[in-house]
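One structure is given here, and the rest of the page talks about it.
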Amino acid sequence: MSNLHIFDMDGTLLAGSTANLEVARQLGTLPELHALEARFAAGTLDTRGFSAAIHALWRALTPAQVAAAYTAGPWLNGIPDVAADIRRRGERSVVITMSPDFFARHLLDLGFDEVVASRFPPLPFTAPLDPAGILTPADKVRITDDLRARHGLTRAQCVAYGDSMSDGPLFRHLTHTVAVNADHHLAGIAAADYRGNDLTQAYSLGRALLDNPA
């Protein structure tokens, strides 16, 4: 394998939305989720506290409800085409997201080689949430470096695609980075900036970075 492509999910592959928003929309719990997001934005709730709160809020969540939320999500066009092209080239694709694994693992059906997400107990929730399984932005760097070590790759053989400051640590860690419909904070540190609804075009920017390093 010659290259590794690392994709964020919320706001990147899932355009203008998040896994939690799509699940909340499906369950009719948007007001409760917005209240949690406000606390998170204010700094009174961290990533692990937020995950514990949705674990309690969605205790009766079922796989069928998650599948419906996933299917209804506003996904970028061209995701399966990108995953297939990466695989054809003998390269590898991974999604790393802080969102719940019960939602993110559906992306394996689109052809990604691996999905790494915050670990939740099986649905519906009867077991407690283990805080150690909840990812933070810094974990994106750790997971990427673990994958690089496993496959014998340098940082120059990796390209990351993301949209927000949760991707900031990884974008500062790697040279090849593509901001996808990103806020100005992340776009300002990215090597390339894409605006639109087609992942194949963002991917072409990533390929150019890998093929023509500065």
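Ordering of the structure tokens sets the chain letters (A, B, ...), residue numbers begin anew at 1 in every chain, and ligands are numbered from 1 in the order given.
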
May I have the residues within 12 Å of segment 139-148 of chain A as a PyMOL selection string, using only C-alpha atoms and disregarding those fewer than 2 positions away in the same chain? chain A and resi 1-8+47+92-98+113-118+132-137+150-162+165-174

Where does DSSP see strand (DSSP E or B) in segment 32-211 of chain A, if you list the residues as a ChimeraX atom specification? /A:75,77,92-100,114-118,158-162,176-180,192-194,198

Residues as selected, N, CA and C atoms, written as a short mmCIF file (atom, residue, chain, number, x, y, z; two decimals), in the first residue's frame, can you do that?
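Saved the output as part04.cif:
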```cif
data_model
loop_
_atom_site.label_atom_id
_atom_site.label_comp_id
_atom_site.auth_asym_id
_atom_site.auth_seq_id
_atom_site.Cartn_x
_atom_site.Cartn_y
_atom_site.Cartn_z
N TRP A 75 -25.53 13.00 2.55
CA TRP A 75 -24.18 12.57 2.22
C TRP A 75 -23.67 13.24 0.94
N ASN A 77 -22.04 13.45 -2.70
CA ASN A 77 -22.05 12.56 -3.87
C ASN A 77 -20.66 11.94 -4.05
N ARG A 92 -5.33 2.70 0.89
CA ARG A 92 -6.26 2.37 1.97
C ARG A 92 -7.02 3.62 2.40
N SER A 93 -8.30 3.42 2.75
CA SER A 93 -9.14 4.52 3.22
C SER A 93 -9.67 4.21 4.62
N VAL A 94 -9.71 5.23 5.45
CA VAL A 94 -10.23 5.08 6.80
C VAL A 94 -11.05 6.31 7.16
N VAL A 95 -12.14 6.09 7.87
CA VAL A 95 -12.92 7.18 8.45
C VAL A 95 -12.61 7.20 9.94
N ILE A 96 -12.21 8.36 10.44
CA ILE A 96 -11.99 8.54 11.88
C ILE A 96 -12.93 9.63 12.35
N THR A 97 -13.83 9.28 13.25
CA THR A 97 -14.84 10.22 13.71
C THR A 97 -15.05 10.07 15.21
N MET A 98 -15.35 11.18 15.85
CA MET A 98 -15.67 11.15 17.27
C MET A 98 -17.13 10.74 17.50
N SER A 99 -17.91 10.65 16.45
CA SER A 99 -19.32 10.28 16.57
C SER A 99 -19.46 8.79 16.89
N PRO A 100 -20.66 8.37 17.26
CA PRO A 100 -20.86 6.98 17.71
C PRO A 100 -20.60 5.94 16.62
N GLU A 114 -11.75 0.86 6.69
CA GLU A 114 -11.82 0.85 8.15
C GLU A 114 -12.59 2.07 8.63
N VAL A 115 -13.33 1.91 9.70
CA VAL A 115 -14.02 3.02 10.36
C VAL A 115 -13.66 2.96 11.84
N VAL A 116 -13.12 4.05 12.34
CA VAL A 116 -12.78 4.16 13.76
C VAL A 116 -13.63 5.26 14.36
N ALA A 117 -14.43 4.92 15.37
CA ALA A 117 -15.39 5.87 15.94
C ALA A 117 -15.47 5.65 17.45
N SER A 118 -16.17 6.54 18.12
CA SER A 118 -16.37 6.38 19.56
C SER A 118 -17.19 5.13 19.83
N CYS A 158 0.20 10.25 3.49
CA CYS A 158 -1.16 10.36 4.04
C CYS A 158 -1.79 11.66 3.59
N VAL A 159 -3.11 11.62 3.39
CA VAL A 159 -3.87 12.83 3.13
C VAL A 159 -5.13 12.78 3.96
N ALA A 160 -5.45 13.90 4.63
CA ALA A 160 -6.62 13.98 5.50
C ALA A 160 -7.65 14.92 4.89
N TYR A 161 -8.93 14.59 5.09
CA TYR A 161 -10.05 15.38 4.61
C TYR A 161 -10.94 15.71 5.82
N GLY A 162 -11.19 17.00 6.07
CA GLY A 162 -11.99 17.37 7.24
C GLY A 162 -12.64 18.72 7.07
N HIS A 176 -0.33 16.89 3.84
CA HIS A 176 -1.35 16.84 2.80
C HIS A 176 -2.74 16.84 3.44
N THR A 177 -3.44 17.95 3.32
CA THR A 177 -4.74 18.10 3.98
C THR A 177 -5.70 18.84 3.05
N VAL A 178 -6.96 18.39 3.04
CA VAL A 178 -7.99 19.00 2.20
C VAL A 178 -9.15 19.42 3.10
N ALA A 179 -9.41 20.71 3.16
CA ALA A 179 -10.58 21.22 3.87
C ALA A 179 -11.79 21.04 2.98
N VAL A 180 -12.84 20.42 3.51
CA VAL A 180 -14.05 20.13 2.74
C VAL A 180 -15.21 20.92 3.33
N ALA A 192 -5.24 22.42 0.82
CA ALA A 192 -6.20 22.64 -0.27
C ALA A 192 -7.58 22.84 0.33
N ASP A 193 -8.42 23.57 -0.39
CA ASP A 193 -9.75 23.91 0.11
C ASP A 193 -10.79 23.58 -0.96
N TYR A 194 -11.78 22.77 -0.59
CA TYR A 194 -12.84 22.38 -1.53
C TYR A 194 -14.19 22.85 -1.01
N ASP A 198 -19.49 17.14 -4.00
CA ASP A 198 -19.00 15.95 -4.68
C ASP A 198 -17.64 15.56 -4.12
#
```

With distances taken over only C-alpha atoms, which of A:Ala53, A:Ile79, A:Phe120, A:Ala182 is nearest to Tyr203 of chain A? A:Ile79

Closest of A:Thr44, A:Leu57, A:Gly206, A:Leu76 to Asn181 of chain A - atom-to-atom distances counting only C-alpha atoms: A:Leu76

9 Å contact set for His34 of chain A, only C-alpha atoms, chain neighbours under 5 positions out, as a list of chain:residue names: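 Those residues are A:Leu21, A:Thr29, A:Arg39.
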
For the selection you just gave me, I'd like the residues written to a file as a tab-separated table (two decimals), in the first residue's frame, keeping C-alpha atoms.
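See result21.tsv below for the written result:
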```tsv
chain	number	residue	atom	x	y	z
A	21	LEU	CA	-28.30	15.47	14.48
A	29	THR	CA	-35.08	14.74	20.26
A	39	ARG	CA	-23.34	23.19	26.78
```

Need to verify the contact set: Ala24 of chain A, 10 Å, only C-alpha atoms, exclusion of same-chain residues closer than 3 positions in sequence. Can you return it as a list in words? Thr18, Ala19, Asn20, Leu21, Leu27, Gly28, Thr29, Leu30, Pro31, Glu32, Leu33, His34, Ile54, Leu57, Trp58, Val66 and Ala69 of chain A

Pairwise distance for atom CA of Ala38 of chain A and atom CA of Ala72 of chain A, rounded to one decimal in Å: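 Taking atom CA of Ala38 of chain A as the start and atom CA of Ala72 of chain A as the end point, the length is 24.3 Å.
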
DSSP-assigned helix (DSSP H, G or I) among chain A, expressed as a VMD selection string: chain A and resid 19 to 27 30 to 42 47 to 57 63 to 72 79 to 88 101 to 110 131 to 133 137 to 151 155 to 157 165 to 173 184 to 187 199 to 211

What lies within 8 Å of His106 of chain A using only C-alpha atoms, ignoring chain neighbours under 4 positions off, as a PyMOL selection string? chain A and resi 67+70+102+110

Keeping only all heavy atoms, write the selected residues as a tab-separated table (two decimals), in the first residue's frame.
```
chain	number	residue	atom	x	y	z
A	67	ALA	N	-30.30	2.99	11.27
A	67	ALA	CA	-30.22	2.77	9.82
A	67	ALA	C	-31.06	3.79	9.07
A	67	ALA	O	-30.65	4.30	8.02
A	67	ALA	CB	-30.66	1.35	9.49
A	70	TYR	N	-29.24	7.14	9.19
A	70	TYR	CA	-28.10	7.09	8.28
A	70	TYR	C	-28.55	7.25	6.83
A	70	TYR	O	-27.98	8.04	6.07
A	70	TYR	CB	-27.35	5.77	8.46
A	70	TYR	CG	-26.30	5.50	7.41
A	70	TYR	CD1	-25.03	6.03	7.53
A	70	TYR	CD2	-26.60	4.73	6.29
A	70	TYR	CE1	-24.07	5.79	6.55
A	70	TYR	CE2	-25.65	4.48	5.31
A	70	TYR	CZ	-24.39	5.01	5.46
A	70	TYR	OH	-23.45	4.78	4.48
A	102	PHE	N	-22.10	3.15	16.34
A	102	PHE	CA	-23.33	2.51	15.85
A	102	PHE	C	-23.86	3.19	14.60
A	102	PHE	O	-24.60	2.59	13.83
A	102	PHE	CB	-24.41	2.45	16.95
A	102	PHE	CG	-24.81	3.77	17.56
A	102	PHE	CD1	-25.60	4.68	16.87
A	102	PHE	CD2	-24.44	4.08	18.87
A	102	PHE	CE1	-25.99	5.88	17.44
A	102	PHE	CE2	-24.83	5.28	19.46
A	102	PHE	CZ	-25.60	6.19	18.74
A	110	LEU	N	-20.02	1.41	2.11
A	110	LEU	CA	-19.69	2.24	0.96
A	110	LEU	C	-18.29	1.94	0.42
A	110	LEU	O	-17.89	2.53	-0.58
A	110	LEU	CB	-19.81	3.72	1.31
A	110	LEU	CG	-21.20	4.19	1.73
A	110	LEU	CD1	-21.20	5.70	1.98
A	110	LEU	CD2	-22.25	3.83	0.68
```
